[in-house]
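input-v3.csv follows; it contains CSV, C-alpha atoms.
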```
chain,number,residue,atom,x,y,z
N,1,MET,CA,22.8,2.5,-7.7
N,2,ILE,CA,26.2,4.1,-8.6
N,3,THR,CA,27.3,6.8,-6.1
N,4,ALA,CA,30.0,9.4,-6.3
N,5,ILE,CA,33.5,7.9,-5.6
N,6,SER,CA,35.9,10.1,-3.7
N,7,GLY,CA,39.3,10.0,-1.9
N,8,ILE,CA,41.9,7.2,-2.2
N,9,LYS,CA,39.4,4.7,-3.6
N,10,GLY,CA,38.6,7.1,-6.4
N,11,SER,CA,42.3,7.7,-7.3
N,12,ARG,CA,42.9,3.9,-7.3
N,13,LEU,CA,40.0,3.4,-9.7
N,14,ARG,CA,41.2,6.2,-11.9
N,15,ARG,CA,44.8,4.7,-12.1
N,16,ALA,CA,43.3,1.2,-12.7
N,17,ALA,CA,41.2,2.6,-15.5
N,18,ALA,CA,44.2,4.3,-17.1
N,19,VAL,CA,46.2,1.1,-17.0
N,20,THR,CA,43.3,-0.8,-18.6
N,21,VAL,CA,43.0,1.7,-21.4
N,22,THR,CA,46.8,1.6,-22.2
N,23,ALA,CA,46.7,-2.2,-21.9
N,24,GLY,CA,44.3,-2.3,-24.8
N,25,ALA,CA,40.9,-0.9,-25.9
N,26,VAL,CA,39.4,-4.4,-26.1
N,27,LEU,CA,40.0,-5.0,-22.3
N,28,ALA,CA,38.7,-1.5,-21.5
N,29,GLY,CA,35.5,-2.2,-23.5
N,30,GLY,CA,35.0,-5.5,-21.7
N,31,ALA,CA,35.5,-3.9,-18.3
N,32,PHE,CA,33.0,-1.1,-19.0
N,33,ALA,CA,30.5,-3.5,-20.5
N,34,ALA,CA,30.5,-5.6,-17.4
N,35,ALA,CA,29.5,-2.7,-15.1
N,36,PRO,CA,25.7,-2.5,-15.9
N,37,ALA,CA,25.3,-6.3,-15.2
N,38,GLN,CA,26.7,-5.7,-11.7
N,39,ALA,CA,24.2,-2.8,-11.2
N,40,VAL,CA,21.2,-5.1,-11.6
N,41,THR,CA,22.2,-7.9,-9.3
N,42,THR,CA,19.0,-9.5,-8.0
N,43,PRO,CA,18.5,-8.1,-4.5
N,44,SER,CA,18.2,-10.0,-1.3
N,45,ILE,CA,15.4,-8.8,1.0
N,46,VAL,CA,14.5,-9.7,4.7
N,47,ALA,CA,10.8,-9.9,4.0
N,48,LYS,CA,9.5,-13.5,3.7
N,49,GLY,CA,7.7,-12.6,0.5
N,50,GLY,CA,8.2,-10.1,-2.3
N,51,TYR,CA,7.0,-9.3,-5.8
N,52,VAL,CA,7.6,-6.4,-8.3
N,53,MET,CA,6.1,-5.9,-11.7
N,54,ASN,CA,6.1,-3.3,-14.5
N,55,ASN,CA,2.8,-1.6,-14.0
N,56,ALA,CA,2.4,-0.8,-17.7
N,57,ASN,CA,2.2,-4.4,-18.8
N,58,ALA,CA,2.1,-6.5,-15.6
N,59,LYS,CA,5.4,-8.1,-16.5
N,60,THR,CA,7.1,-9.8,-13.5
N,61,LEU,CA,10.4,-8.2,-12.5
N,62,TYR,CA,11.1,-9.9,-9.2
N,63,THR,CA,9.7,-12.8,-7.1
N,64,LYS,CA,10.4,-14.2,-3.6
N,65,ALA,CA,7.8,-16.7,-2.4
N,66,ALA,CA,5.4,-14.5,-4.5
N,67,ASP,CA,2.5,-17.0,-4.4
N,68,THR,CA,2.8,-18.1,-0.8
N,69,LYS,CA,-0.3,-17.1,1.2
N,70,ARG,CA,0.3,-14.9,4.2
N,71,SER,CA,-1.6,-12.6,6.5
N,72,THR,CA,-1.8,-9.1,5.0
N,73,GLY,CA,-2.5,-6.8,7.9
N,74,SER,CA,-3.9,-3.4,6.8
N,75,THR,CA,-2.8,-3.8,3.2
N,76,THR,CA,-6.3,-5.4,3.1
N,77,LYS,CA,-7.6,-1.9,3.1
N,78,ILE,CA,-6.5,-1.5,-0.5
N,79,MET,CA,-9.4,-3.8,-1.5
N,80,THR,CA,-11.7,-2.0,1.0
N,81,ALA,CA,-11.1,1.2,-0.9
N,82,LYS,CA,-11.3,-0.5,-4.3
N,83,VAL,CA,-14.7,-1.9,-3.5
N,84,VAL,CA,-16.0,1.5,-2.3
N,85,LEU,CA,-14.7,3.3,-5.4
N,86,ALA,CA,-16.3,0.7,-7.7
N,87,GLN,CA,-19.8,1.4,-6.4
N,88,SER,CA,-22.2,2.6,-9.1
N,89,ASN,CA,-23.2,6.3,-8.9
N,90,LEU,CA,-20.7,6.8,-6.0
N,91,ASN,CA,-21.1,10.2,-4.3
N,92,LEU,CA,-17.8,11.0,-2.6
N,93,ASP,CA,-19.5,13.9,-0.7
N,94,LYS,CA,-22.2,11.6,0.8
N,95,LYS,CA,-22.1,12.1,4.6
N,96,VAL,CA,-21.8,9.1,6.9
N,97,THR,CA,-22.7,9.5,10.6
N,98,ILE,CA,-20.1,7.9,12.8
N,99,GLN,CA,-21.6,5.2,15.1
N,100,LYS,CA,-20.5,4.1,18.6
N,101,ALA,CA,-20.0,0.6,17.2
N,102,TYR,CA,-17.1,1.8,15.1
N,103,SER,CA,-15.4,3.5,18.1
N,104,ASP,CA,-16.0,0.4,20.3
N,105,TYR,CA,-14.5,-1.8,17.7
N,106,VAL,CA,-11.2,-0.1,17.4
N,107,VAL,CA,-10.9,0.1,21.2
N,108,ALA,CA,-11.7,-3.6,21.7
N,109,ASN,CA,-9.2,-4.6,19.1
N,110,ASN,CA,-6.5,-2.0,20.0
N,111,ALA,CA,-6.6,-1.1,16.3
N,112,SER,CA,-5.1,1.7,14.3
N,113,GLN,CA,-7.7,4.5,13.9
N,114,ALA,CA,-8.6,7.8,12.4
N,115,HIS,CA,-10.1,8.9,15.8
N,116,LEU,CA,-13.5,9.6,14.3
N,117,ILE,CA,-15.9,11.1,16.7
N,118,VAL,CA,-19.2,9.4,17.4
N,119,GLY,CA,-22.1,11.4,16.0
N,120,ASP,CA,-20.0,13.4,13.5
N,121,LYS,CA,-21.0,13.4,9.9
N,122,VAL,CA,-18.0,12.5,7.7
N,123,THR,CA,-17.9,12.4,3.9
N,124,VAL,CA,-17.0,9.2,2.0
N,125,ARG,CA,-14.0,11.0,0.6
N,126,GLN,CA,-12.8,11.9,4.1
N,127,LEU,CA,-13.4,8.3,5.2
N,128,LEU,CA,-11.1,7.1,2.3
N,129,TYR,CA,-8.3,9.4,3.6
N,130,GLY,CA,-9.0,8.2,7.1
N,131,LEU,CA,-8.8,4.6,5.8
N,132,MET,CA,-5.6,4.9,3.8
N,133,LEU,CA,-3.4,7.5,5.6
N,134,PRO,CA,-3.6,6.6,9.4
N,135,SER,CA,-5.0,3.2,8.5
N,136,GLY,CA,-8.2,3.8,10.4
N,137,CYS,CA,-10.1,0.7,11.2
N,138,ASP,CA,-13.0,2.9,12.3
N,139,ALA,CA,-13.1,4.4,8.8
N,140,ALA,CA,-13.0,0.9,7.3
N,141,TYR,CA,-15.9,-0.2,9.5
N,142,ALA,CA,-17.9,2.9,8.5
N,143,LEU,CA,-17.3,2.3,4.8
N,144,ALA,CA,-18.2,-1.4,5.1
N,145,ASP,CA,-21.4,-0.6,7.0
N,146,THR,CA,-22.3,2.0,4.4
N,147,TYR,CA,-21.7,0.0,1.3
N,148,GLY,CA,-22.7,-3.4,2.4
N,149,THR,CA,-26.4,-4.4,2.1
N,150,GLY,CA,-28.7,-5.8,4.7
N,151,SER,CA,-31.0,-4.9,7.5
N,152,THR,CA,-28.4,-5.3,10.3
N,153,ARG,CA,-24.9,-4.0,10.7
N,154,ALA,CA,-23.5,-7.5,10.8
N,155,ALA,CA,-25.3,-8.4,7.6
N,156,ARG,CA,-24.0,-5.3,5.9
N,157,VAL,CA,-20.4,-6.0,6.9
N,158,LYS,CA,-20.7,-9.6,5.8
N,159,SER,CA,-22.1,-8.4,2.4
N,160,PHE,CA,-19.3,-5.9,2.0
N,161,ILE,CA,-16.6,-8.6,2.7
N,162,GLY,CA,-18.4,-10.7,0.1
N,163,LYS,CA,-17.9,-7.8,-2.4
N,164,MET,CA,-14.2,-7.8,-1.6
N,165,ASN,CA,-13.9,-11.5,-2.4
N,166,LYS,CA,-16.0,-11.1,-5.5
N,167,ALA,CA,-13.6,-8.4,-6.7
N,168,ALA,CA,-10.6,-10.7,-6.0
N,169,THR,CA,-12.3,-13.4,-8.1
N,170,ALA,CA,-13.0,-11.0,-10.9
N,171,LEU,CA,-9.2,-10.2,-11.0
N,172,GLY,CA,-8.5,-13.9,-11.4
N,173,LEU,CA,-6.8,-14.2,-8.0
N,174,LYS,CA,-6.6,-17.7,-6.7
N,175,ASN,CA,-4.6,-17.2,-3.5
N,176,THR,CA,-6.5,-14.4,-1.9
N,177,HIS,CA,-9.4,-14.5,0.6
N,178,PHE,CA,-10.8,-11.8,2.9
N,179,ASP,CA,-12.7,-12.4,6.1
N,180,SER,CA,-12.4,-8.8,7.3
N,181,PHE,CA,-12.9,-5.3,6.0
N,182,ASP,CA,-9.6,-4.0,7.5
N,183,GLY,CA,-7.1,-6.9,8.0
N,184,ILE,CA,-8.1,-7.8,11.5
N,185,GLY,CA,-8.9,-11.3,10.3
N,186,ASN,CA,-10.6,-14.2,11.8
N,187,GLY,CA,-8.1,-16.8,10.6
N,188,ASN,CA,-9.1,-16.7,7.0
N,189,ASN,CA,-7.7,-13.3,5.7
N,190,TYR,CA,-4.8,-13.9,3.4
N,191,SER,CA,-3.2,-13.0,0.1
N,192,THR,CA,0.2,-13.2,-1.6
N,193,PRO,CA,2.8,-10.6,-2.8
N,194,ARG,CA,1.7,-11.3,-6.5
N,195,ASP,CA,-2.0,-11.0,-5.7
N,196,LEU,CA,-1.8,-7.9,-3.6
N,197,THR,CA,0.3,-6.2,-6.3
N,198,LYS,CA,-2.4,-7.0,-8.8
N,199,ILE,CA,-5.1,-5.7,-6.5
N,200,ALA,CA,-3.1,-2.5,-6.0
N,201,SER,CA,-2.4,-2.1,-9.7
N,202,SER,CA,-6.2,-2.4,-10.4
N,203,ALA,CA,-7.0,0.1,-7.6
N,204,MET,CA,-4.4,2.6,-9.0
N,205,LYS,CA,-6.5,2.9,-12.2
N,206,ASN,CA,-8.9,5.0,-10.1
N,207,ALA,CA,-8.0,8.7,-10.0
N,208,THR,CA,-9.4,9.2,-6.5
N,209,PHE,CA,-7.5,6.2,-5.1
N,210,ARG,CA,-4.2,7.6,-6.7
N,211,THR,CA,-4.8,11.0,-5.1
N,212,VAL,CA,-5.5,9.6,-1.7
N,213,VAL,CA,-2.5,7.1,-1.5
N,214,LYS,CA,0.1,9.7,-2.5
N,215,THR,CA,-1.1,12.2,0.0
N,216,LYS,CA,1.3,12.7,3.0
N,217,LYS,CA,-1.0,14.6,5.2
N,218,TYR,CA,-4.8,15.4,5.2
N,219,THR,CA,-7.0,17.5,7.6
N,220,ALA,CA,-10.7,16.6,7.6
N,221,LYS,CA,-13.4,19.1,8.5
N,222,THR,CA,-16.4,17.1,9.8
N,223,ILE,CA,-19.9,18.2,10.9
N,224,THR,CA,-20.7,17.7,14.6
N,225,LYS,CA,-24.0,16.6,16.1
N,226,THR,CA,-24.9,20.3,16.7
N,227,GLY,CA,-24.1,21.3,13.1
N,228,SER,CA,-20.8,23.1,13.8
N,229,THR,CA,-17.6,22.3,11.9
N,230,ARG,CA,-14.9,20.2,13.6
N,231,THR,CA,-11.3,20.4,12.3
N,232,MET,CA,-9.8,17.0,12.9
N,233,SER,CA,-6.2,16.5,13.9
N,234,PRO,CA,-4.2,15.9,10.7
N,235,TRP,CA,-4.0,12.4,9.4
N,236,THR,CA,-0.4,11.5,8.5
N,237,ASN,CA,0.3,8.8,5.9
N,238,THR,CA,2.0,5.7,7.5
N,239,ASN,CA,3.9,5.1,4.2
N,240,GLY,CA,7.4,6.6,4.9
N,241,LEU,CA,8.4,6.0,1.3
N,242,LEU,CA,6.5,9.1,0.3
N,243,SER,CA,9.1,11.2,2.0
N,244,SER,CA,12.2,9.0,1.5
N,245,TYR,CA,12.1,7.5,-2.0
N,246,SER,CA,11.9,9.8,-5.0
N,247,GLY,CA,9.0,9.1,-7.3
N,248,THR,CA,6.9,7.2,-4.7
N,249,ILE,CA,3.1,7.4,-5.5
N,250,GLY,CA,1.7,5.1,-2.8
N,251,ILE,CA,0.4,2.7,-1.6
N,252,LYS,CA,-0.3,1.1,1.8
N,253,THR,CA,1.4,-0.2,4.9
N,254,GLY,CA,0.2,-3.1,7.0
N,255,SER,CA,1.3,-4.8,10.2
N,256,GLY,CA,0.2,-7.2,12.9
N,257,PRO,CA,1.3,-10.1,15.1
N,258,GLU,CA,0.8,-12.6,12.3
N,259,ALA,CA,1.4,-10.3,9.3
N,260,LYS,CA,4.6,-8.8,10.7
N,261,TYR,CA,5.5,-5.7,8.6
N,262,CYS,CA,4.0,-5.4,5.1
N,263,LEU,CA,4.1,-2.7,2.4
N,264,VAL,CA,2.5,-2.4,-1.0
N,265,PHE,CA,4.4,0.2,-2.9
N,266,ALA,CA,4.7,2.0,-6.3
N,267,ALA,CA,6.9,4.6,-7.8
N,268,THR,CA,7.2,6.4,-11.1
N,269,ARG,CA,10.5,7.5,-12.6
N,270,ASN,CA,11.2,8.7,-16.2
N,271,GLY,CA,7.7,7.7,-17.2
N,272,LYS,CA,7.9,4.2,-16.0
N,273,THR,CA,6.1,2.8,-12.9
N,274,VAL,CA,7.1,-0.2,-10.8
N,275,ILE,CA,4.6,-1.6,-8.3
N,276,GLY,CA,5.1,-4.4,-5.8
N,277,THR,CA,4.6,-5.9,-2.3
N,278,VAL,CA,6.7,-7.1,0.6
N,279,LEU,CA,5.1,-9.3,3.2
N,280,ALA,CA,6.3,-10.3,6.6
N,281,SER,CA,9.3,-8.1,7.0
N,282,THR,CA,10.8,-7.5,10.4
N,283,SER,CA,10.2,-3.8,11.2
N,284,ILE,CA,8.9,-0.6,9.7
N,285,ALA,CA,12.4,0.5,8.7
N,286,GLN,CA,13.2,-2.9,7.2
N,287,ARG,CA,10.0,-3.1,5.1
N,288,GLU,CA,10.9,0.3,3.6
N,289,ALA,CA,14.5,-0.8,3.0
N,290,ASP,CA,13.2,-4.0,1.3
N,291,ALA,CA,10.8,-2.0,-0.9
N,292,LYS,CA,13.5,0.5,-1.9
N,293,LYS,CA,15.8,-2.4,-3.0
N,294,LEU,CA,13.0,-3.9,-5.1
N,295,MET,CA,12.1,-0.6,-6.7
N,296,ASN,CA,15.7,0.2,-7.5
N,297,TYR,CA,16.0,-3.2,-9.0
N,298,GLY,CA,12.8,-2.8,-11.0
N,299,PHE,CA,13.9,0.5,-12.5
N,300,ALA,CA,17.3,-0.9,-13.3
N,301,VAL,CA,15.9,-3.8,-15.3
N,302,LEU,CA,13.2,-1.9,-17.1
```

Once you've parsed the file, please lay out its structure as structure tokens.
Amino acid sequence: MITAISGIKGSRLRRAAAVTVTAGAVLAGGAFAAAPAQAVTTPSIVAKGGYVMNNANAKTLYTKAADTKRSTGSTTKIMTAKVVLAQSNLNLDKKVTIQKAYSDYVVANNASQAHLIVGDKVTVRQLLYGLMLPSGCDAAYALADTYGTGSTRAARVKSFIGKMNKAATALGLKNTHFDSFDGIGNGNNYSTPRDLTKIASSAMKNATFRTVVKTKKYTAKTITKTGSTRTMSPWTNTNGLLSSYSGTIGIKTGSGPEAKYCLVFAATRNGKTVIGTVLASTSIAQREADAKKLMNYGFAVL
């Protein structure tokens, strides 16, 4: 929070400090004691909702409309990944064949995608990277189809979304509901800054999830219909904090006409981790600025 002071401003401050010291040690002590309080002024953010907590003990550090239900965009995919990673006897190297339905879905919805190729065999691990880095709705569809149960694709997807809601209930969340596997909701897909932060904190207990969400770039090698190896174009993480905020360890961006610009974030500094969410900010740059303010504040008060 405190940056280097230079030039005229610095010399004025030095003179002022000298005057204070000669005027009396008690005054000087009072002046210096007041500085830390200024450093942890509660920040103002543009996002309509925000929440930050200490990840170690879930203690709340900041709230702004933290329990107001809002559309979550692709931050929904945190729960998608959490449900997949919670499957019993999960094999991350299991191969999933990409169906035309997944490709048709992202085209029809003009959705963010991992550009998976129909007929390619892609591992579950690769699908998780495709889900969380470029925010691939095709990867989300593939995972929901694979880990839902039922004799039809529609039934499997419905089953998977049911698992997402069951996981939310298990976490004790009262203001969260999913009606999609990727955030492209049907009018009933919502959460709150507090609830999303709790979902993310729970997901971060999984080592595979932690590895995926802190990865800036990943190149998948898939198996084509003919059995040859395809090297996919690299997937770049949409979370700009990984490159611009020291200590960032994740987690997931989201956006949409209703959701606006969302970001679930976490960072570790000096052995302490803050984790939080901003919902309905006004741009990519602004959601990152909001998140940085909240993390700075979180670390300052810890």

Atomic separation - CA of Thr229 (chain N) relative to CA of Leu116 (chain N), Å: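 A separation of 13.6 Å between them.
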
Could you make a table, as JSON lines, of the residues of region 60-159 of chain N that have an atom within 12 Å of an atom of region 169-173 of chain N, each with its nearest atom pair and distance in Å to one decimal, counting only C-alpha atoms, in chain and number order?
```
{"residue": "N:Asp67", "atom": "CA", "partner": "N:Leu173", "partner_atom": "CA", "distance": 10.4}
{"residue": "N:Lys69", "atom": "CA", "partner": "N:Leu173", "partner_atom": "CA", "distance": 11.6}
{"residue": "N:Met79", "atom": "CA", "partner": "N:Leu171", "partner_atom": "CA", "distance": 11.5}
{"residue": "N:Lys82", "atom": "CA", "partner": "N:Leu171", "partner_atom": "CA", "distance": 12.0}
{"residue": "N:Val83", "atom": "CA", "partner": "N:Ala170", "partner_atom": "CA", "distance": 11.9}
```

Residues at most 10 Å from Gln99 (chain N), counting only C-alpha atoms, excluding those fewer than 4 positions away in the same chain, as a PyMOL selection string? chain N and resi 103-104+116-121+138+141-142+145

Rank N:Lys94, N:Lys225, N:Lys293, N:Arg125 by their smallest atom-to-atom distance to Tyr245 (chain N), using all atoms listed in the file, and report the top residue only.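 For Tyr245 (chain N), the nearest of the candidates is N:Lys293.
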
Contacts of Thr282 (chain N) at 12 Å or less, counting all atoms listed in the file, minus same-chain residues fewer than 2 places along, as a list in words? Ile45, Val46, Ala47, Lys48, Gly49, Gly254, Ser255, Gly256, Pro257, Glu258, Ala259, Lys260, Tyr261, Cys262, Leu263, Val278, Leu279, Ala280, Ile284, Ala285, Gln286, Arg287, Glu288, Ala289 and Asp290 of chain N

Point out the residue among N:Leu294, N:Met204, N:Ala144, N:Leu302 with the least atom-to-atom distance to Tyr51 (chain N), counting all atoms listed in the file.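 Answer, going by the shortest atom-to-atom distance: N:Leu294.
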